[in-house]
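Pasted below: work_9.tsv, TSV, C-alpha atoms.
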```tsv
chain	number	residue	atom	x	y	z
A	1	MET	CA	-66.57	42.41	-39.80
A	2	LYS	CA	-66.62	43.45	-36.14
A	3	GLY	CA	-63.15	44.95	-36.47
A	4	LEU	CA	-64.12	46.98	-39.53
A	5	VAL	CA	-67.30	48.27	-37.85
A	6	ASP	CA	-65.31	49.28	-34.77
A	7	ARG	CA	-62.60	50.93	-36.86
A	8	PHE	CA	-64.81	52.93	-39.24
A	9	GLY	CA	-68.04	53.17	-37.24
A	10	ARG	CA	-71.42	52.12	-38.58
A	11	THR	CA	-71.72	54.97	-41.08
A	12	GLY	CA	-68.18	54.55	-42.38
A	13	PHE	CA	-68.60	50.80	-42.70
A	14	ALA	CA	-71.85	51.24	-44.64
A	15	ALA	CA	-70.21	53.80	-46.94
A	16	LEU	CA	-67.14	51.65	-47.60
A	17	THR	CA	-69.07	48.47	-48.23
A	18	SER	CA	-71.49	50.22	-50.60
A	19	VAL	CA	-68.78	49.79	-53.23
A	20	ILE	CA	-69.83	46.13	-53.58
A	21	TRP	CA	-73.02	47.18	-55.32
A	22	LEU	CA	-72.04	50.61	-56.68
A	23	LEU	CA	-69.39	49.27	-59.05
A	24	PRO	CA	-71.61	46.63	-60.71
A	25	MET	CA	-74.40	49.20	-61.04
A	26	ALA	CA	-71.98	51.67	-62.67
A	27	ALA	CA	-70.86	48.91	-65.03
A	28	TRP	CA	-74.50	48.22	-65.84
A	29	ALA	CA	-75.18	51.89	-66.56
A	30	GLY	CA	-72.14	52.13	-68.82
A	31	SER	CA	-72.88	48.92	-70.67
A	32	ALA	CA	-76.57	49.84	-71.07
A	33	ASP	CA	-75.49	53.07	-72.77
A	34	LEU	CA	-73.12	51.25	-75.10
A	35	SER	CA	-75.26	48.14	-75.65
A	36	PRO	CA	-77.05	49.34	-78.82
A	37	ILE	CA	-73.69	50.20	-80.41
A	38	ASP	CA	-71.58	47.31	-79.14
A	39	LYS	CA	-73.59	44.13	-79.51
A	40	THR	CA	-71.18	42.23	-77.22
A	41	ALA	CA	-72.13	44.29	-74.16
A	42	THR	CA	-74.49	42.40	-71.87
A	43	PRO	CA	-75.99	44.86	-69.41
A	44	ALA	CA	-78.27	42.22	-67.89
A	45	ILE	CA	-75.30	40.45	-66.29
A	46	ALA	CA	-73.99	43.62	-64.62
A	47	LEU	CA	-77.52	44.56	-63.49
A	48	THR	CA	-78.07	41.11	-61.97
A	49	ILE	CA	-74.76	41.23	-60.12
A	50	GLY	CA	-75.54	44.76	-58.91
A	51	VAL	CA	-79.00	43.84	-57.63
A	52	VAL	CA	-77.70	40.72	-55.85
A	53	MET	CA	-74.87	42.71	-54.27
A	54	LEU	CA	-77.33	45.44	-53.27
A	55	ALA	CA	-79.35	42.80	-51.41
A	56	VAL	CA	-76.18	41.52	-49.72
A	57	TRP	CA	-75.25	45.09	-48.75
A	58	LEU	CA	-78.71	45.75	-47.30
A	59	VAL	CA	-78.37	42.62	-45.14
A	60	LEU	CA	-74.92	43.83	-44.00
A	61	VAL	CA	-76.25	47.27	-43.11
A	62	ALA	CA	-79.27	45.80	-41.32
A	63	SER	CA	-76.97	43.63	-39.20
A	64	LEU	CA	-74.77	46.52	-38.05
A	65	ARG	CA	-76.75	46.97	-34.81
A	66	ARG	CA	-75.42	43.62	-33.58
A	67	PHE	CA	-71.85	44.86	-33.48
A	68	PRO	CA	-70.72	46.98	-30.54
A	69	VAL	CA	-68.83	50.14	-31.41
A	70	SER	CA	-66.36	51.68	-28.99
A	71	GLN	CA	-66.95	55.29	-28.06
A	72	ARG	CA	-64.26	57.35	-29.78
A	73	GLN	CA	-64.03	60.10	-32.36
A	74	ARG	CA	-64.65	58.96	-35.92
A	75	ARG	CA	-64.41	61.25	-38.87
A	76	PHE	CA	-67.48	60.12	-40.80
A	77	ASP	CA	-69.84	59.14	-38.00
A	78	LEU	CA	-73.04	61.09	-38.64
A	79	ALA	CA	-74.08	60.97	-35.00
A	80	GLN	CA	-70.83	62.65	-33.96
A	81	MET	CA	-70.51	65.19	-36.79
A	82	SER	CA	-71.07	68.87	-36.15
A	83	PRO	CA	-73.56	70.71	-38.39
A	84	SER	CA	-70.65	72.42	-40.14
A	85	GLU	CA	-69.00	69.06	-40.83
A	86	LYS	CA	-72.24	67.67	-42.23
A	87	ARG	CA	-72.68	70.65	-44.56
A	88	TRP	CA	-69.11	70.50	-45.90
A	89	THR	CA	-69.27	66.73	-46.31
A	90	LEU	CA	-72.54	67.08	-48.23
A	91	ALA	CA	-70.95	69.77	-50.42
A	92	CYS	CA	-67.95	67.52	-51.11
A	93	ILE	CA	-70.24	64.64	-52.05
A	94	ALA	CA	-72.25	66.92	-54.36
A	95	PHE	CA	-69.12	68.15	-56.15
A	96	ALA	CA	-67.79	64.58	-56.43
A	97	LEU	CA	-71.08	63.41	-57.92
A	98	GLY	CA	-70.93	66.28	-60.42
A	99	LEU	CA	-67.44	65.20	-61.46
A	100	ILE	CA	-68.51	61.56	-61.72
A	101	ALA	CA	-71.50	62.58	-63.85
A	102	TRP	CA	-69.19	64.56	-66.15
A	103	LEU	CA	-66.79	61.62	-66.43
A	104	ASN	CA	-69.66	59.23	-67.14
A	105	GLY	CA	-70.92	61.52	-69.89
A	106	ALA	CA	-67.41	61.96	-71.27
A	107	ALA	CA	-66.91	58.20	-71.40
A	108	THR	CA	-70.12	57.49	-73.30
A	109	VAL	CA	-70.15	60.36	-75.84
A	110	ASP	CA	-68.58	60.35	-79.27
A	111	TRP	CA	-66.30	63.40	-79.17
A	112	GLY	CA	-65.42	63.25	-82.87
A	113	PRO	CA	-68.10	65.67	-84.11
A	114	LEU	CA	-67.25	68.19	-81.38
A	115	GLY	CA	-63.56	68.06	-82.22
A	116	SER	CA	-64.17	68.55	-85.93
A	117	ALA	CA	-66.59	71.44	-85.24
A	118	ILE	CA	-64.02	73.10	-82.97
A	119	GLY	CA	-61.39	72.57	-85.67
A	120	ALA	CA	-63.71	74.29	-88.16
A	121	GLY	CA	-63.88	77.30	-85.82
A	122	LYS	CA	-67.59	77.14	-85.02
A	123	VAL	CA	-68.45	79.33	-82.05
A	124	GLY	CA	-71.14	77.11	-80.44
A	125	PRO	CA	-68.96	73.99	-80.07
A	126	ILE	CA	-66.07	76.11	-78.79
A	127	LEU	CA	-68.32	77.63	-76.14
A	128	LEU	CA	-69.59	74.15	-75.24
A	129	ALA	CA	-66.02	72.88	-74.82
A	130	VAL	CA	-65.13	75.91	-72.69
A	131	GLY	CA	-68.27	75.36	-70.58
A	132	LEU	CA	-67.39	71.69	-70.09
A	133	ALA	CA	-63.84	72.60	-69.07
A	134	ILE	CA	-65.12	75.23	-66.63
A	135	PHE	CA	-67.52	72.66	-65.17
A	136	VAL	CA	-64.66	70.21	-64.50
A	137	VAL	CA	-62.51	72.93	-62.94
A	138	VAL	CA	-65.41	74.03	-60.70
A	139	MET	CA	-66.11	70.44	-59.60
A	140	VAL	CA	-62.46	69.70	-58.78
A	141	THR	CA	-62.07	73.04	-56.99
A	142	GLY	CA	-65.31	72.41	-55.09
A	143	ILE	CA	-64.10	68.99	-54.00
A	144	TRP	CA	-60.79	70.45	-52.81
A	145	PHE	CA	-62.38	73.44	-51.04
A	146	SER	CA	-65.16	71.51	-49.33
A	147	TRP	CA	-62.81	68.68	-48.28
A	148	ARG	CA	-60.44	71.25	-46.78
A	149	ASN	CA	-63.25	72.91	-44.82
A	150	GLU	CA	-64.69	69.56	-43.74
A	151	THR	CA	-61.24	68.56	-42.46
A	152	ALA	CA	-60.98	71.82	-40.52
A	153	ALA	CA	-64.43	71.24	-38.99
A	154	TYR	CA	-63.40	67.70	-38.02
A	155	ARG	CA	-60.22	68.97	-36.40
A	156	ARG	CA	-62.24	71.51	-34.40
A	157	ARG	CA	-64.58	68.76	-33.23
A	158	SER	CA	-61.83	66.29	-32.38
A	159	SER	CA	-59.78	68.87	-30.46
A	160	THR	CA	-62.58	69.53	-27.97
```

Translate this structure into structure tokens?
Amino acid sequence: MKGLVDRFGRTGFAALTSVIWLLPMAAWAGSADLSPIDKTATPAIALTIGVVMLAVWLVLVASLRRFPVSQRQRRFDLAQMSPSEKRWTLACIAFALGLIAWLNGAATVDWGPLGSAIGAGKVGPILLAVGLAIFVVVMVTGIWFSWRNETAAYRRRSST
């Protein structure tokens, strides 16, 4: 653990290890949505695993102060980031969350009625589909643009 904390810094280590509770919680959210339809889904199991792993993660994060971190430039260390880097990173996270929200909605919605309404030529469903497509394009473009600017801000910081 000491090697990972030194390599990624405290913030990076906390972000990377958050996956241990994020994935079970995402599974719980997905199975809770589908549980009334699919009687085999057991959201309580995923929720229990997610809560236990959240507790484990909180203990890991609380123990980070014990590990020394060498002084060097790290990309995602909040204490070292410039204000510009923080803004672009926050923008990238916001766009990524928007894309994840769209994907979560797309995974849990029955698209059959929309497809048949579009096939029938109804204007409202067509506009909805166009709006959803525009939303995805904006989110992906926002991720790309903000990541590019965040990388440029990091390079400016690391070159000084």

Exercise for the section: May I ask for the distance between atom CA of A:Leu99 and atom CA of A:Arg148, given in Å to one decimal place? Expected result: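 Separating atom CA of A:Leu99 from atom CA of A:Arg148 is a distance of 17.4 Å.
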
Problem - Proximity to A:Val61 - best of A:Asn149, A:Thr160, A:Thr141, A:Thr11, all atoms listed in the file - result: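 Among the listed residues, A:Thr11 lies closest to A:Val61.
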
Need the shell around stretch 16-28 of chain A: protein/DNA/RNA residues with any atom at most 12 Å away, counting all atoms listed in the file. Skip same-chain ones fewer than 3 positions apart. Format as an mmCIF file with C-alpha atoms, keeping the file's coordinate frame?
```
data_model
loop_
_atom_site.group_PDB
_atom_site.id
_atom_site.type_symbol
_atom_site.label_atom_id
_atom_site.label_comp_id
_atom_site.auth_asym_id
_atom_site.auth_seq_id
_atom_site.Cartn_x
_atom_site.Cartn_y
_atom_site.Cartn_z
ATOM 1 C CA MET A 1 -66.570 42.410 -39.800
ATOM 2 C CA LEU A 4 -64.120 46.980 -39.530
ATOM 3 C CA VAL A 5 -67.300 48.270 -37.850
ATOM 4 C CA ARG A 7 -62.600 50.930 -36.860
ATOM 5 C CA PHE A 8 -64.810 52.930 -39.240
ATOM 6 C CA GLY A 9 -68.040 53.170 -37.240
ATOM 7 C CA ARG A 10 -71.420 52.120 -38.580
ATOM 8 C CA THR A 11 -71.720 54.970 -41.080
ATOM 9 C CA GLY A 12 -68.180 54.550 -42.380
ATOM 10 C CA PHE A 13 -68.600 50.800 -42.700
ATOM 11 C CA SER A 31 -72.880 48.920 -70.670
ATOM 12 C CA ALA A 32 -76.570 49.840 -71.070
ATOM 13 C CA ASP A 33 -75.490 53.070 -72.770
ATOM 14 C CA LEU A 34 -73.120 51.250 -75.100
ATOM 15 C CA SER A 35 -75.260 48.140 -75.650
ATOM 16 C CA ALA A 41 -72.130 44.290 -74.160
ATOM 17 C CA THR A 42 -74.490 42.400 -71.870
ATOM 18 C CA PRO A 43 -75.990 44.860 -69.410
ATOM 19 C CA ALA A 44 -78.270 42.220 -67.890
ATOM 20 C CA ILE A 45 -75.300 40.450 -66.290
ATOM 21 C CA ALA A 46 -73.990 43.620 -64.620
ATOM 22 C CA LEU A 47 -77.520 44.560 -63.490
ATOM 23 C CA THR A 48 -78.070 41.110 -61.970
ATOM 24 C CA ILE A 49 -74.760 41.230 -60.120
ATOM 25 C CA GLY A 50 -75.540 44.760 -58.910
ATOM 26 C CA VAL A 51 -79.000 43.840 -57.630
ATOM 27 C CA VAL A 52 -77.700 40.720 -55.850
ATOM 28 C CA MET A 53 -74.870 42.710 -54.270
ATOM 29 C CA LEU A 54 -77.330 45.440 -53.270
ATOM 30 C CA ALA A 55 -79.350 42.800 -51.410
ATOM 31 C CA VAL A 56 -76.180 41.520 -49.720
ATOM 32 C CA TRP A 57 -75.250 45.090 -48.750
ATOM 33 C CA LEU A 58 -78.710 45.750 -47.300
ATOM 34 C CA VAL A 59 -78.370 42.620 -45.140
ATOM 35 C CA LEU A 60 -74.920 43.830 -44.000
ATOM 36 C CA VAL A 61 -76.250 47.270 -43.110
ATOM 37 C CA LEU A 64 -74.770 46.520 -38.050
ATOM 38 C CA PHE A 76 -67.480 60.120 -40.800
ATOM 39 C CA ILE A 100 -68.510 61.560 -61.720
ATOM 40 C CA ALA A 101 -71.500 62.580 -63.850
ATOM 41 C CA LEU A 103 -66.790 61.620 -66.430
ATOM 42 C CA ASN A 104 -69.660 59.230 -67.140
ATOM 43 C CA ALA A 107 -66.910 58.200 -71.400
ATOM 44 C CA THR A 108 -70.120 57.490 -73.300
#
```

Handout entry: Given only C-alpha atoms as the counted atoms, nearest of A:Gly3, A:Gly131, A:Pro68, A:Gly121 to A:Trp102
Key =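 Nearest to A:Trp102: A:Gly131.
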
Exercise for the section: Fewer than 5 positions away in the same chain doesn't count, so skip those; otherwise give me all residues within 9 Å of A:Leu128, counting only C-alpha atoms, as an MDAnalysis selection string. Expected result: chainID A and resid 114 123 133

Handout entry: Close residues, A:Trp147 itself excluded, 9 Å, all atoms listed in the file, min 4 positions apart in chain, as an NGL selection string
Key = :A and (88-89 or 91-92 or 142-143 or 151-152)

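In this structure, atom CA of A:Ile118 sits 10.7 Å away from atom CA of A:Val130.
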
Problem - Atomic distance atom CA of A:Gly98 - atom CA of A:Leu78, expressed in Å with one decimal - result: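 These two atoms are separated by 22.5 Å.
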
I want to know what sits within 12 Å of A:Pro83, based on only C-alpha atoms, with residues of the same chain fewer than 3 positions away left out; could you give that as a PDB file with C-alpha atoms, in the frame of the given file?
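Produced file result.pdb, reproduced below:
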```
ATOM      1  CA  LEU A  78     -73.040  61.090 -38.640  1.00  0.00           C
ATOM      2  CA  ALA A  79     -74.080  60.970 -35.000  1.00  0.00           C
ATOM      3  CA  GLN A  80     -70.830  62.650 -33.960  1.00  0.00           C
ATOM      4  CA  LYS A  86     -72.240  67.670 -42.230  1.00  0.00           C
ATOM      5  CA  ARG A  87     -72.680  70.650 -44.560  1.00  0.00           C
ATOM      6  CA  TRP A  88     -69.110  70.500 -45.900  1.00  0.00           C
ATOM      7  CA  THR A  89     -69.270  66.730 -46.310  1.00  0.00           C
ATOM      8  CA  LEU A  90     -72.540  67.080 -48.230  1.00  0.00           C
ATOM      9  CA  GLU A 150     -64.690  69.560 -43.740  1.00  0.00           C
ATOM     10  CA  ALA A 153     -64.430  71.240 -38.990  1.00  0.00           C
ATOM     11  CA  TYR A 154     -63.400  67.700 -38.020  1.00  0.00           C
ATOM     12  CA  ARG A 157     -64.580  68.760 -33.230  1.00  0.00           C
TER      13      ARG A 157
END
```

Complete the atoms of stretch 51-69 of chain A to N, CA, C and O atoms and put them out as a PDB file, in the coordinates of the input.
```
ATOM      1  N   VAL A  51     -77.808  44.031 -58.474  1.00  0.00           N
ATOM      2  CA  VAL A  51     -79.000  43.840 -57.630  1.00  0.00           C
ATOM      3  C   VAL A  51     -78.731  42.823 -56.527  1.00  0.00           C
ATOM      4  O   VAL A  51     -79.117  43.029 -55.370  1.00  0.00           O
ATOM      5  N   VAL A  52     -78.044  41.735 -56.860  1.00  0.00           N
ATOM      6  CA  VAL A  52     -77.700  40.720 -55.850  1.00  0.00           C
ATOM      7  C   VAL A  52     -76.788  41.332 -54.785  1.00  0.00           C
ATOM      8  O   VAL A  52     -76.997  41.145 -53.579  1.00  0.00           O
ATOM      9  N   MET A  53     -75.789  42.102 -55.222  1.00  0.00           N
ATOM     10  CA  MET A  53     -74.870  42.710 -54.270  1.00  0.00           C
ATOM     11  C   MET A  53     -75.560  43.806 -53.453  1.00  0.00           C
ATOM     12  O   MET A  53     -75.214  44.020 -52.287  1.00  0.00           O
ATOM     13  N   LEU A  54     -76.554  44.471 -54.030  1.00  0.00           N
ATOM     14  CA  LEU A  54     -77.330  45.440 -53.270  1.00  0.00           C
ATOM     15  C   LEU A  54     -78.091  44.733 -52.143  1.00  0.00           C
ATOM     16  O   LEU A  54     -78.129  45.215 -51.004  1.00  0.00           O
ATOM     17  N   ALA A  55     -78.656  43.570 -52.441  1.00  0.00           N
ATOM     18  CA  ALA A  55     -79.350  42.800 -51.410  1.00  0.00           C
ATOM     19  C   ALA A  55     -78.386  42.361 -50.309  1.00  0.00           C
ATOM     20  O   ALA A  55     -78.702  42.454 -49.112  1.00  0.00           O
ATOM     21  N   VAL A  56     -77.202  41.912 -50.704  1.00  0.00           N
ATOM     22  CA  VAL A  56     -76.180  41.520 -49.720  1.00  0.00           C
ATOM     23  C   VAL A  56     -75.804  42.718 -48.863  1.00  0.00           C
ATOM     24  O   VAL A  56     -75.688  42.617 -47.635  1.00  0.00           O
ATOM     25  N   TRP A  57     -75.620  43.881 -49.483  1.00  0.00           N
ATOM     26  CA  TRP A  57     -75.250  45.090 -48.750  1.00  0.00           C
ATOM     27  C   TRP A  57     -76.352  45.490 -47.782  1.00  0.00           C
ATOM     28  O   TRP A  57     -76.067  45.887 -46.645  1.00  0.00           O
ATOM     29  N   LEU A  58     -77.608  45.402 -48.196  1.00  0.00           N
ATOM     30  CA  LEU A  58     -78.710  45.750 -47.300  1.00  0.00           C
ATOM     31  C   LEU A  58     -78.745  44.831 -46.078  1.00  0.00           C
ATOM     32  O   LEU A  58     -79.015  45.277 -44.961  1.00  0.00           O
ATOM     33  N   VAL A  59     -78.449  43.545 -46.270  1.00  0.00           N
ATOM     34  CA  VAL A  59     -78.370  42.620 -45.140  1.00  0.00           C
ATOM     35  C   VAL A  59     -77.211  43.017 -44.221  1.00  0.00           C
ATOM     36  O   VAL A  59     -77.354  43.014 -42.991  1.00  0.00           O
ATOM     37  N   LEU A  60     -76.067  43.379 -44.812  1.00  0.00           N
ATOM     38  CA  LEU A  60     -74.920  43.830 -44.000  1.00  0.00           C
ATOM     39  C   LEU A  60     -75.277  45.059 -43.175  1.00  0.00           C
ATOM     40  O   LEU A  60     -74.989  45.118 -41.977  1.00  0.00           O
ATOM     41  N   VAL A  61     -75.908  46.031 -43.811  1.00  0.00           N
ATOM     42  CA  VAL A  61     -76.250  47.270 -43.110  1.00  0.00           C
ATOM     43  C   VAL A  61     -77.294  47.000 -42.025  1.00  0.00           C
ATOM     44  O   VAL A  61     -77.221  47.552 -40.928  1.00  0.00           O
ATOM     45  N   ALA A  62     -78.243  46.127 -42.314  1.00  0.00           N
ATOM     46  CA  ALA A  62     -79.270  45.800 -41.320  1.00  0.00           C
ATOM     47  C   ALA A  62     -78.674  45.085 -40.104  1.00  0.00           C
ATOM     48  O   ALA A  62     -79.204  45.197 -38.995  1.00  0.00           O
ATOM     49  N   SER A  63     -77.583  44.376 -40.314  1.00  0.00           N
ATOM     50  CA  SER A  63     -76.970  43.630 -39.200  1.00  0.00           C
ATOM     51  C   SER A  63     -75.967  44.445 -38.403  1.00  0.00           C
ATOM     52  O   SER A  63     -75.385  43.938 -37.442  1.00  0.00           O
ATOM     53  N   LEU A  64     -75.771  45.707 -38.743  1.00  0.00           N
ATOM     54  CA  LEU A  64     -74.770  46.520 -38.050  1.00  0.00           C
ATOM     55  C   LEU A  64     -75.102  46.753 -36.579  1.00  0.00           C
ATOM     56  O   LEU A  64     -74.203  46.945 -35.763  1.00  0.00           O
ATOM     57  N   ARG A  65     -76.356  46.740 -36.210  1.00  0.00           N
ATOM     58  CA  ARG A  65     -76.750  46.970 -34.810  1.00  0.00           C
ATOM     59  C   ARG A  65     -76.211  45.888 -33.872  1.00  0.00           C
ATOM     60  O   ARG A  65     -76.062  46.127 -32.680  1.00  0.00           O
ATOM     61  N   ARG A  66     -75.925  44.720 -34.416  1.00  0.00           N
ATOM     62  CA  ARG A  66     -75.420  43.620 -33.580  1.00  0.00           C
ATOM     63  C   ARG A  66     -74.003  43.852 -33.097  1.00  0.00           C
ATOM     64  O   ARG A  66     -73.580  43.269 -32.101  1.00  0.00           O
ATOM     65  N   PHE A  67     -73.259  44.685 -33.794  1.00  0.00           N
ATOM     66  CA  PHE A  67     -71.850  44.860 -33.480  1.00  0.00           C
ATOM     67  C   PHE A  67     -71.645  46.063 -32.566  1.00  0.00           C
ATOM     68  O   PHE A  67     -72.061  47.169 -32.901  1.00  0.00           O
ATOM     69  N   PRO A  68     -70.984  45.846 -31.432  1.00  0.00           N
ATOM     70  CA  PRO A  68     -70.720  46.980 -30.540  1.00  0.00           C
ATOM     71  C   PRO A  68     -69.640  47.882 -31.155  1.00  0.00           C
ATOM     72  O   PRO A  68     -68.738  47.414 -31.831  1.00  0.00           O
ATOM     73  N   VAL A  69     -69.788  49.161 -30.900  1.00  0.00           N
ATOM     74  CA  VAL A  69     -68.830  50.140 -31.410  1.00  0.00           C
ATOM     75  C   VAL A  69     -68.285  50.907 -30.216  1.00  0.00           C
ATOM     76  O   VAL A  69     -69.050  51.438 -29.409  1.00  0.00           O
TER      77      VAL A  69
END
```
